[in-house]
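Q: The following file, model35.txt, comprises compact mmCIF, C-alpha atoms and all ligand atoms:
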# COMPACT_ATOMS: atom_id res chain seq x y z
CA ASN A 298 123.30 104.70 122.52
CA SER A 299 120.27 106.76 123.43
CA LYS A 300 119.77 107.46 119.71
CA GLU A 301 118.40 103.88 119.40
CA THR A 302 115.66 104.43 121.93
CA GLU A 303 114.78 107.96 120.80
CA ARG A 304 114.31 107.48 117.04
CA ARG A 305 110.91 106.47 115.66
CA TRP A 306 110.95 102.84 114.59
CA SER A 307 108.36 101.17 112.37
CA LEU A 308 107.74 97.67 111.08
CA ASP A 309 109.17 98.72 107.69
CA ASP A 310 112.58 99.02 109.35
CA PHE A 311 112.69 95.25 109.89
CA ASP A 312 112.74 91.98 107.96
CA VAL A 313 110.72 89.64 110.21
CA GLY A 314 111.78 85.98 110.36
CA ARG A 315 110.77 82.83 112.24
CA ALA A 316 108.74 82.77 115.42
CA LEU A 317 110.95 82.36 118.52
CA GLY A 318 108.19 81.68 121.03
CA LYS A 319 104.77 82.74 122.15
CA GLY A 320 103.52 84.21 125.43
CA LYS A 321 100.07 85.05 126.73
CA PHE A 322 99.85 88.35 124.86
CA GLY A 323 101.64 87.74 121.65
CA ARG A 324 104.49 86.18 119.75
CA VAL A 325 108.20 86.87 119.50
CA TYR A 326 109.93 86.81 116.13
CA LEU A 327 113.49 86.86 114.96
CA ALA A 328 113.97 90.09 113.01
CA ARG A 329 116.72 92.04 111.29
CA GLU A 330 116.93 95.82 111.19
CA LYS A 331 117.33 96.54 107.46
CA LYS A 332 119.87 99.40 107.54
CA SER A 333 122.30 97.97 110.09
CA GLY A 334 121.62 94.25 109.57
CA TYR A 335 121.34 94.08 113.38
CA VAL A 336 119.44 90.96 114.52
CA VAL A 337 116.84 91.45 117.25
CA ALA A 338 113.83 89.71 118.77
CA LEU A 339 110.57 91.51 118.03
CA LYS A 340 107.73 90.91 120.48
CA ILE A 341 104.39 91.78 118.89
CA LEU A 342 101.52 92.55 121.29
CA PHE A 343 97.93 93.27 120.35
CA LYS A 344 96.63 96.54 121.82
CA ALA A 345 93.11 95.12 122.10
CA GLU A 346 94.36 92.30 124.33
CA LEU A 347 96.46 94.65 126.46
CA ILE A 348 93.48 96.98 126.95
CA GLU A 349 91.11 94.11 127.70
CA ALA A 350 93.55 92.77 130.32
CA LYS A 351 94.10 96.34 131.65
CA VAL A 352 97.88 95.95 131.50
CA GLU A 353 98.85 99.03 129.50
CA LYS A 354 100.27 100.73 132.61
CA GLN A 355 102.32 97.64 133.43
CA LEU A 356 103.69 97.58 129.92
CA ARG A 357 104.65 101.26 130.23
CA ARG A 358 106.35 100.47 133.53
CA GLU A 359 108.19 97.54 132.00
CA ILE A 360 109.40 99.68 129.09
CA GLU A 361 110.39 102.40 131.56
CA ILE A 362 112.30 99.98 133.80
CA GLN A 363 113.92 97.96 131.05
CA SER A 364 115.04 100.95 128.98
CA HIS A 365 117.29 102.07 131.85
CA LEU A 366 118.84 98.66 132.55
CA ARG A 367 122.27 97.74 131.25
CA HIS A 368 123.71 94.45 132.47
CA PRO A 369 125.19 91.47 130.55
CA ASN A 370 122.74 89.10 132.25
CA ILE A 371 119.60 91.19 131.70
CA LEU A 372 117.99 91.06 128.26
CA ARG A 373 118.08 94.55 126.69
CA LEU A 374 114.95 96.33 125.56
CA TYR A 375 116.27 98.56 122.74
CA GLY A 376 113.01 100.36 122.11
CA TYR A 377 109.39 100.03 121.13
CA PHE A 378 106.95 101.30 118.57
CA TYR A 379 103.29 100.82 117.75
CA ASP A 380 100.82 100.96 114.89
CA ALA A 381 97.01 101.02 114.83
CA LYS A 382 96.57 97.54 116.32
CA ARG A 383 99.86 96.44 117.82
CA VAL A 384 102.72 97.37 120.14
CA TYR A 385 106.18 96.12 119.21
CA LEU A 386 109.04 95.57 121.68
CA ILE A 387 112.51 95.62 120.14
CA LEU A 388 114.48 93.16 122.27
CA GLU A 389 118.00 91.80 122.38
CA TYR A 390 118.07 88.38 120.69
CA ALA A 391 119.14 85.55 123.02
CA ALA A 392 120.61 83.16 120.47
CA GLN A 393 120.50 80.01 122.63
CA GLY A 394 116.82 80.51 123.47
CA GLU A 395 114.93 79.46 126.58
CA MET A 396 116.83 78.20 129.61
CA TYR A 397 114.10 75.65 130.35
CA LYS A 398 114.58 73.89 127.07
CA HIS A 399 118.23 73.32 128.01
CA LEU A 400 117.29 72.10 131.48
CA ARG A 401 114.56 69.73 130.26
CA LYS A 402 116.90 68.33 127.62
CA VAL A 403 119.58 67.33 130.17
CA GLU A 404 117.15 67.00 133.13
CA THR A 405 119.68 68.45 135.60
CA PHE A 406 122.65 70.79 135.04
CA ALA A 407 126.19 69.81 136.05
CA GLU A 408 127.24 71.66 139.20
CA ASP A 409 129.78 73.88 137.42
CA LEU A 410 127.17 75.06 134.89
CA ALA A 411 124.55 75.62 137.63
CA ALA A 412 127.11 77.58 139.69
CA LYS A 413 127.93 79.78 136.67
CA TYR A 414 124.22 80.57 136.16
CA ILE A 415 123.67 81.24 139.89
CA TYR A 416 126.65 83.61 139.92
CA GLN A 417 125.29 85.48 136.88
CA MET A 418 121.79 85.60 138.35
CA ALA A 419 123.07 86.91 141.70
CA ASP A 420 125.13 89.55 139.89
CA ALA A 421 122.09 90.64 137.83
CA LEU A 422 119.86 90.70 140.95
CA ARG A 423 122.44 92.79 142.83
CA TYR A 424 122.40 95.25 139.93
CA LEU A 425 118.57 95.31 139.88
CA HIS A 426 118.31 95.87 143.64
CA LYS A 427 120.74 98.76 143.36
CA LYS A 428 118.81 100.13 140.36
CA HIS A 429 115.64 100.21 142.41
CA VAL A 430 117.29 102.85 144.60
CA ILE A 431 118.36 104.79 141.53
CA HIS A 432 114.92 104.21 140.05
CA ARG A 433 113.52 106.15 142.96
CA ASP A 434 115.64 109.07 141.82
CA ILE A 435 114.80 109.07 138.12
CA LYS A 436 113.97 112.71 137.50
CA PRO A 437 110.27 113.20 136.63
CA GLY A 438 109.76 113.00 132.87
CA GLY A 439 113.24 111.52 132.53
CA GLY A 440 111.78 108.29 131.14
CA ILE A 441 109.98 107.54 127.90
CA PHE A 442 106.64 107.84 129.67
CA GLN A 443 105.65 110.57 132.10
CA ASN A 444 104.39 108.08 134.65
CA SER A 445 107.83 106.61 135.14
CA LEU A 446 108.51 104.23 138.00
CA SER A 447 109.83 107.12 140.08
CA PHE A 448 106.30 108.48 140.61
CA ILE A 449 105.29 105.29 142.36
CA PRO A 450 105.65 105.57 146.15
CA PRO A 451 108.59 103.44 147.35
CA SER A 452 106.27 100.91 149.03
CA ARG A 453 104.71 100.03 145.68
CA GLN A 454 108.09 99.93 143.99
CA LEU A 455 108.37 96.47 145.50
CA PHE A 456 106.15 95.63 142.55
CA VAL A 457 109.30 95.33 140.50
CA TYR A 458 110.61 92.56 142.79
CA LYS A 459 107.49 90.64 141.95
CA TYR A 460 108.46 90.82 138.30
CA LEU A 461 111.48 88.82 139.34
CA GLN A 462 109.37 86.40 141.31
CA ASN A 463 109.04 84.10 138.42
CA PHE A 464 112.25 84.97 136.66
CA ALA A 465 112.84 81.27 136.40
CA GLU A 466 109.98 81.24 133.92
CA ASN A 467 111.81 83.82 131.88
CA LEU A 468 115.42 82.96 131.67
CA LEU A 469 117.04 82.93 128.28
CA VAL A 470 120.55 81.98 127.15
CA GLY A 471 122.77 84.31 125.11
CA ILE A 472 125.06 83.44 122.25
CA LYS A 473 127.99 82.76 124.63
CA GLY A 474 125.85 80.55 126.88
CA GLU A 475 125.34 83.37 129.40
CA LEU A 476 122.10 83.64 131.40
CA LYS A 477 119.70 86.47 130.45
CA ILE A 478 116.82 87.56 132.70
CA ALA A 479 113.97 88.52 130.37
CA ASP A 480 110.34 89.47 130.29
CA PHE A 481 109.70 91.76 133.26
CA GLY A 482 106.11 92.11 132.15
CA TRP A 483 103.24 90.90 134.29
CA SER A 484 102.18 88.95 131.28
CA VAL A 485 104.17 86.11 132.71
CA HIS A 486 102.27 86.19 135.98
CA ALA A 487 99.37 84.75 134.11
CA PRO A 488 99.14 80.95 134.08
CA ASN A 489 102.17 80.14 132.09
CA THR A 490 102.14 77.36 129.51
CA ARG A 491 105.92 77.37 129.44
CA ARG A 492 106.24 74.95 132.38
CA LYS A 493 104.32 71.76 133.11
CA THR A 494 102.77 73.23 136.27
CA MET A 495 99.68 75.32 135.61
CA CYS A 496 101.20 78.45 137.05
CA GLY A 497 104.94 78.22 137.47
CA THR A 498 105.05 81.25 139.72
CA LEU A 499 103.74 79.23 142.66
CA ASP A 500 106.93 77.22 142.92
CA TYR A 501 109.00 80.35 143.37
CA LEU A 502 106.91 82.15 145.97
CA PRO A 503 108.59 82.58 149.38
CA PRO A 504 106.67 81.91 152.65
CA GLU A 505 106.10 85.64 153.33
CA MET A 506 104.32 86.02 149.98
CA VAL A 507 102.40 82.77 150.31
CA GLU A 508 101.21 84.11 153.69
CA GLY A 509 100.47 87.54 152.19
CA LYS A 510 102.88 89.30 154.53
CA GLU A 511 105.10 92.35 153.92
CA HIS A 512 107.96 91.41 151.64
CA ASN A 513 111.16 93.01 150.36
CA GLU A 514 114.03 92.14 148.07
CA ALA A 515 114.83 89.11 150.24
CA VAL A 516 112.12 87.41 148.17
CA ASP A 517 114.63 87.25 145.32
CA LEU A 518 117.13 85.41 147.54
CA TRP A 519 114.47 82.78 148.24
CA SER A 520 113.78 82.50 144.49
CA LEU A 521 117.51 82.16 143.84
CA GLY A 522 117.56 79.19 146.22
CA VAL A 523 114.59 77.62 144.44
CA LEU A 524 116.27 78.20 141.08
CA CYS A 525 119.55 76.62 142.26
CA TYR A 526 117.65 73.58 143.54
CA GLU A 527 115.76 73.23 140.24
CA PHE A 528 118.97 73.55 138.18
CA LEU A 529 120.55 70.68 140.19
CA CYS A 530 117.49 68.50 140.77
CA GLY A 531 115.34 69.15 137.66
CA VAL A 532 112.26 69.99 139.75
CA PRO A 533 111.53 72.86 142.18
CA PRO A 534 111.95 71.96 145.89
CA PHE A 535 108.35 72.34 147.09
CA GLU A 536 106.49 71.20 144.01
CA ASP A 537 103.41 69.12 144.65
CA ARG A 538 102.02 68.35 141.24
CA SER A 539 98.69 67.25 142.65
CA SER A 540 97.64 70.37 144.51
CA TYR A 541 98.46 74.04 145.03
CA LYS A 542 97.44 73.74 148.69
CA ASN A 543 100.12 71.16 149.32
CA THR A 544 102.72 73.28 147.53
CA TYR A 545 101.71 76.23 149.75
CA ARG A 546 101.98 74.03 152.84
CA ARG A 547 105.40 72.73 151.83
CA ILE A 548 106.66 76.29 151.17
CA ALA A 549 105.29 77.62 154.48
CA LYS A 550 106.88 74.71 156.33
CA VAL A 551 110.09 74.96 154.23
CA ASP A 552 109.72 71.23 153.73
CA LEU A 553 113.11 70.91 152.00
CA LYS A 554 114.74 67.59 151.08
CA ILE A 555 118.06 67.84 149.29
CA PRO A 556 118.86 64.68 147.25
CA SER A 557 122.15 62.90 148.07
CA HIS A 558 123.56 63.51 144.56
CA VAL A 559 123.76 67.25 145.35
CA SER A 560 127.21 68.21 146.67
CA ARG A 561 127.59 69.35 150.29
CA GLU A 562 128.60 72.90 149.22
CA ALA A 563 125.62 73.25 146.84
CA GLY A 564 123.30 71.94 149.56
CA ASP A 565 124.80 74.45 151.97
CA LEU A 566 124.02 77.37 149.60
CA ILE A 567 120.46 76.15 148.96
CA THR A 568 119.78 75.70 152.68
CA LYS A 569 121.13 79.18 153.48
CA LEU A 570 118.85 80.74 150.83
CA LEU A 571 115.69 78.76 151.62
CA GLN A 572 115.40 80.20 155.12
CA TYR A 573 111.86 80.89 156.36
CA GLN A 574 112.88 84.23 157.92
CA PRO A 575 113.86 86.69 155.16
CA GLU A 576 116.56 88.32 157.32
CA LYS A 577 118.22 84.91 157.80
CA ARG A 578 118.78 84.39 154.06
CA LEU A 579 122.23 84.98 152.59
CA SER A 580 122.66 88.40 150.93
CA LEU A 581 123.54 88.64 147.23
CA ASP A 582 127.09 89.69 148.19
CA GLN A 583 127.39 86.56 150.35
CA VAL A 584 126.11 84.38 147.49
CA LEU A 585 128.78 85.78 145.19
CA VAL A 586 131.55 84.72 147.61
CA HIS A 587 129.99 81.37 148.64
CA PRO A 588 132.57 78.51 148.21
CA TRP A 589 130.35 76.57 145.77
CA VAL A 590 129.82 79.62 143.53
CA VAL A 591 133.42 80.88 143.79
CA LYS A 592 135.02 77.45 143.20
CA TYR A 593 133.73 77.32 139.63
CA GLN A 594 134.35 81.03 138.91
CA MET A 595 138.11 80.30 139.28
CA GLU A 596 137.84 77.57 136.62
CA GLN A 597 135.94 79.98 134.34
CA GLN A 598 138.62 82.65 134.44
C1 LIG B 1 111.87 82.98 123.15
N1 LIG B 1 113.12 83.64 122.75
N2 LIG B 1 114.14 82.96 122.16
C2 LIG B 1 115.15 83.80 121.92
C3 LIG B 1 114.78 85.07 122.39
N3 LIG B 1 115.44 86.26 122.40
C4 LIG B 1 114.79 87.31 122.93
N4 LIG B 1 113.53 87.27 123.44
C5 LIG B 1 112.87 86.10 123.42
N5 LIG B 1 111.60 86.07 123.94
C6 LIG B 1 110.94 87.26 124.46
C7 LIG B 1 111.39 87.51 125.89
C8 LIG B 1 110.76 88.76 126.40
C9 LIG B 1 111.43 89.83 126.92
N6 LIG B 1 110.63 90.82 127.37
C10 LIG B 1 109.35 90.57 127.23
N7 LIG B 1 108.39 91.47 127.67
C11 LIG B 1 107.05 91.20 127.58
O1 LIG B 1 106.61 90.20 127.07
N8 LIG B 1 106.26 92.18 128.15
C12 LIG B 1 104.90 92.15 128.20
C13 LIG B 1 104.13 91.39 127.33
C14 LIG B 1 102.75 91.46 127.45
C15 LIG B 1 102.11 92.23 128.44
C16 LIG B 1 102.93 92.95 129.29
C17 LIG B 1 102.28 93.76 130.35
F1 LIG B 1 101.57 94.72 129.75
F2 LIG B 1 101.46 92.98 131.07
F3 LIG B 1 103.17 94.29 131.16
C18 LIG B 1 104.29 92.93 129.19
S1 LIG B 1 109.08 89.08 126.48
C19 LIG B 1 113.49 84.95 122.89
Show me the file's structure as structure tokens.
Ligand SMILES: Cn1ncc2ncnc(NCCc3cnc(NC(=O)Nc4cccc(C(F)(F)F)c4)s3)c21
A:
Amino acid sequence: NSKETERRWSLDDFDVGRALGKGKFGRVYLAREKKSGYVVALKILFKAELIEAKVEKQLRREIEIQSHLRHPNILRLYGYFYDAKRVYLILEYAAQGEMYKHLRKVETFAEDLAAKYIYQMADALRYLHKKHVIHRDIKPGGGIFQNSLSFIPPSRQLFVYKYLQNFAENLLVGIKGELKIADFGWSVHAPNTRRKTMCGTLDYLPPEMVEGKEHNEAVDLWSLGVLCYEFLCGVPPFEDRSSYKNTYRRIAKVDLKIPSHVSREAGDLITKLLQYQPEKRLSLDQVLVHPWVVKYQMEQQ
């Protein structure tokens, strides 16, 4: 309820436990709110580092965006607080941790598991794209910070899509094995140690962004295709571990080779998402009714 986000939290409200992971700007810890016993993830950021990297505004925007999002496949940001040196993000705890650890452990996901994750991702992206429209209407001052997203001219609101650009770097898994998109902060745009490649974001960039052209939410459909490929093949489709230039070239040429072990339906979905022209890519609604995605939803029900 809104009470959670309004009340003043402090570190004394929590018992802090083991470290869950570390990002560029700080660490995440398991924590329990003392009164309710509620378990959360507490991300601790150092103000000095945020100021030095000039990302305070981005953090405000992230808090503003995330505090209005409610979707089972988007990690909740319950609130935040700060003290003299640090900013603390009170986050939903994703009990099964980082998606990449699961993928690396099994190398490739079975097609039914990959289809479940793609369905959940498409559903979350559809929600986010709709929210962007609503975000344009957030009444001034309606958010925690005055400079809420709504003050940004629509053209720059595409910034939020970029947050999703490397969502693959920031997928977590909830207690019931459900996918959770996390970490909308730019912090993850920095070279990310989480993946073997120096800067994971490259693998997920669509041709229009690689070529610095205008882009819109169709970038997320491209990324969804890259994610689906990586779930089924264990590596992203255009990766060239030796050089960024070659990865760029392969993306711009859509140099896509789908291995024979990938089913025809899965290959069909990937091919229809990894289209050079943004308007040719499947829409999120079409992804949600694609035979490969739907086939496994029946089994789930
Ligand atoms: C690893 N792990 N395992 C279980 C688990 N459960 C929950 N969470 C985890 N990890 C944290 C995931 C995050 C969610 N939101 C984030 N947000 C952020 O880090 N924002 C942020 C940081 C620094 C700078 C900026 C700025 F200013 F550039 F915008 C923005 S991090 C978990």
Q: Ligand LIG 1 (chain B): which residues are within 8 Å, counting all atoms listed in the file? Reply as a ChimeraX atom specification.
A: /A:317-323,325-327,337-340,342,347,350-359,372,374,386,388-395,467,469-470,479-485
Q: If you measure from CA of Leu476 in chain A to CA of Ile362 in chain A, what distance in Å do you get, rounded to one decimal?
A: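 It comes out at 19.2 Å.
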Q: Restricting the calculation to only C-alpha atoms, which member of A:His399, A:Lys413, A:His426, A:Arg324 is positioned closest to Val590 in chain A?
A: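 Answer, going by the shortest atom-to-atom distance: A:Lys413.
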Q: I'd like the interatomic distance between CA of Gly376 in chain A and CA of Arg305 in chain A, to a tenth of an Å.
A: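 Separation of CA of Gly376 in chain A and CA of Arg305 in chain A: 9.1 Å.
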Q: Give the answer as one residue: which of A:Met418, A:Ile567, A:Leu524, A:Leu499 has the shortest atom-to-atom distance to Asp582 in chain A, using all atoms listed in the file?
A: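 Counting all atoms listed in the file, the residue closest to Asp582 in chain A is A:Met418.
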Q: Find the distance between CA of Lys473 in chain A and CA of Arg401 in chain A and write it in Å to one decimal.
A: 19.5 Å
Q: Near Pro575 in chain A, within 12 Å and counting all atoms listed in the file, which residues show up once chain neighbours fewer than 5 positions away are dropped, as a PyMOL selection string?
A: chain A and resi 503-506+510-520+569-570+580
Q: Would you write out those residues with C-alpha atoms, as a tab-separated table (two decimals), keeping the file's coordinate frame?
A:
chain	number	residue	atom	x	y	z
A	503	PRO	CA	108.59	82.58	149.38
A	504	PRO	CA	106.67	81.91	152.65
A	505	GLU	CA	106.10	85.64	153.33
A	506	MET	CA	104.32	86.02	149.98
A	510	LYS	CA	102.88	89.30	154.53
A	511	GLU	CA	105.10	92.35	153.92
A	512	HIS	CA	107.96	91.41	151.64
A	513	ASN	CA	111.16	93.01	150.36
A	514	GLU	CA	114.03	92.14	148.07
A	515	ALA	CA	114.83	89.11	150.24
A	516	VAL	CA	112.12	87.41	148.17
A	517	ASP	CA	114.63	87.25	145.32
A	518	LEU	CA	117.13	85.41	147.54
A	519	TRP	CA	114.47	82.78	148.24
A	520	SER	CA	113.78	82.50	144.49
A	569	LYS	CA	121.13	79.18	153.48
A	570	LEU	CA	118.85	80.74	150.83
A	580	SER	CA	122.66	88.40	150.93
Q: Measuring between all atoms listed in the file, which one of A:Lys344, A:Lys428, A:Lys331, A:Asp309 shows the shortest distance to His368 in chain A?
A: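 That would be A:Lys428, the residue with the smallest distance to His368 in chain A.
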Q: List as number ranges by chain the protein and nucleic acid residues near Tyr414 in chain A, meaning an atom at most 12 Å away when only C-alpha atoms are counted, but skip any in the same chain fewer than 5 places from it.
A: A: 370, 396, 400, 406-409, 419-421, 465, 468-471, 474-478, 521, 524-525, 527-529, 585, 590-591, 593-594, 597
Q: Mind working out the centre and edge lengths of an axis-aligned box for range 347-364 of chain A, all listed atoms inside, 5 Å added to each side, rounded to one decimal in Å and written as lines of an AutoDock Vina configuration file?
A:
center_x = 103.1
center_y = 97.6
center_z = 130.1
size_x = 33.9
size_y = 19.6
size_z = 17.3
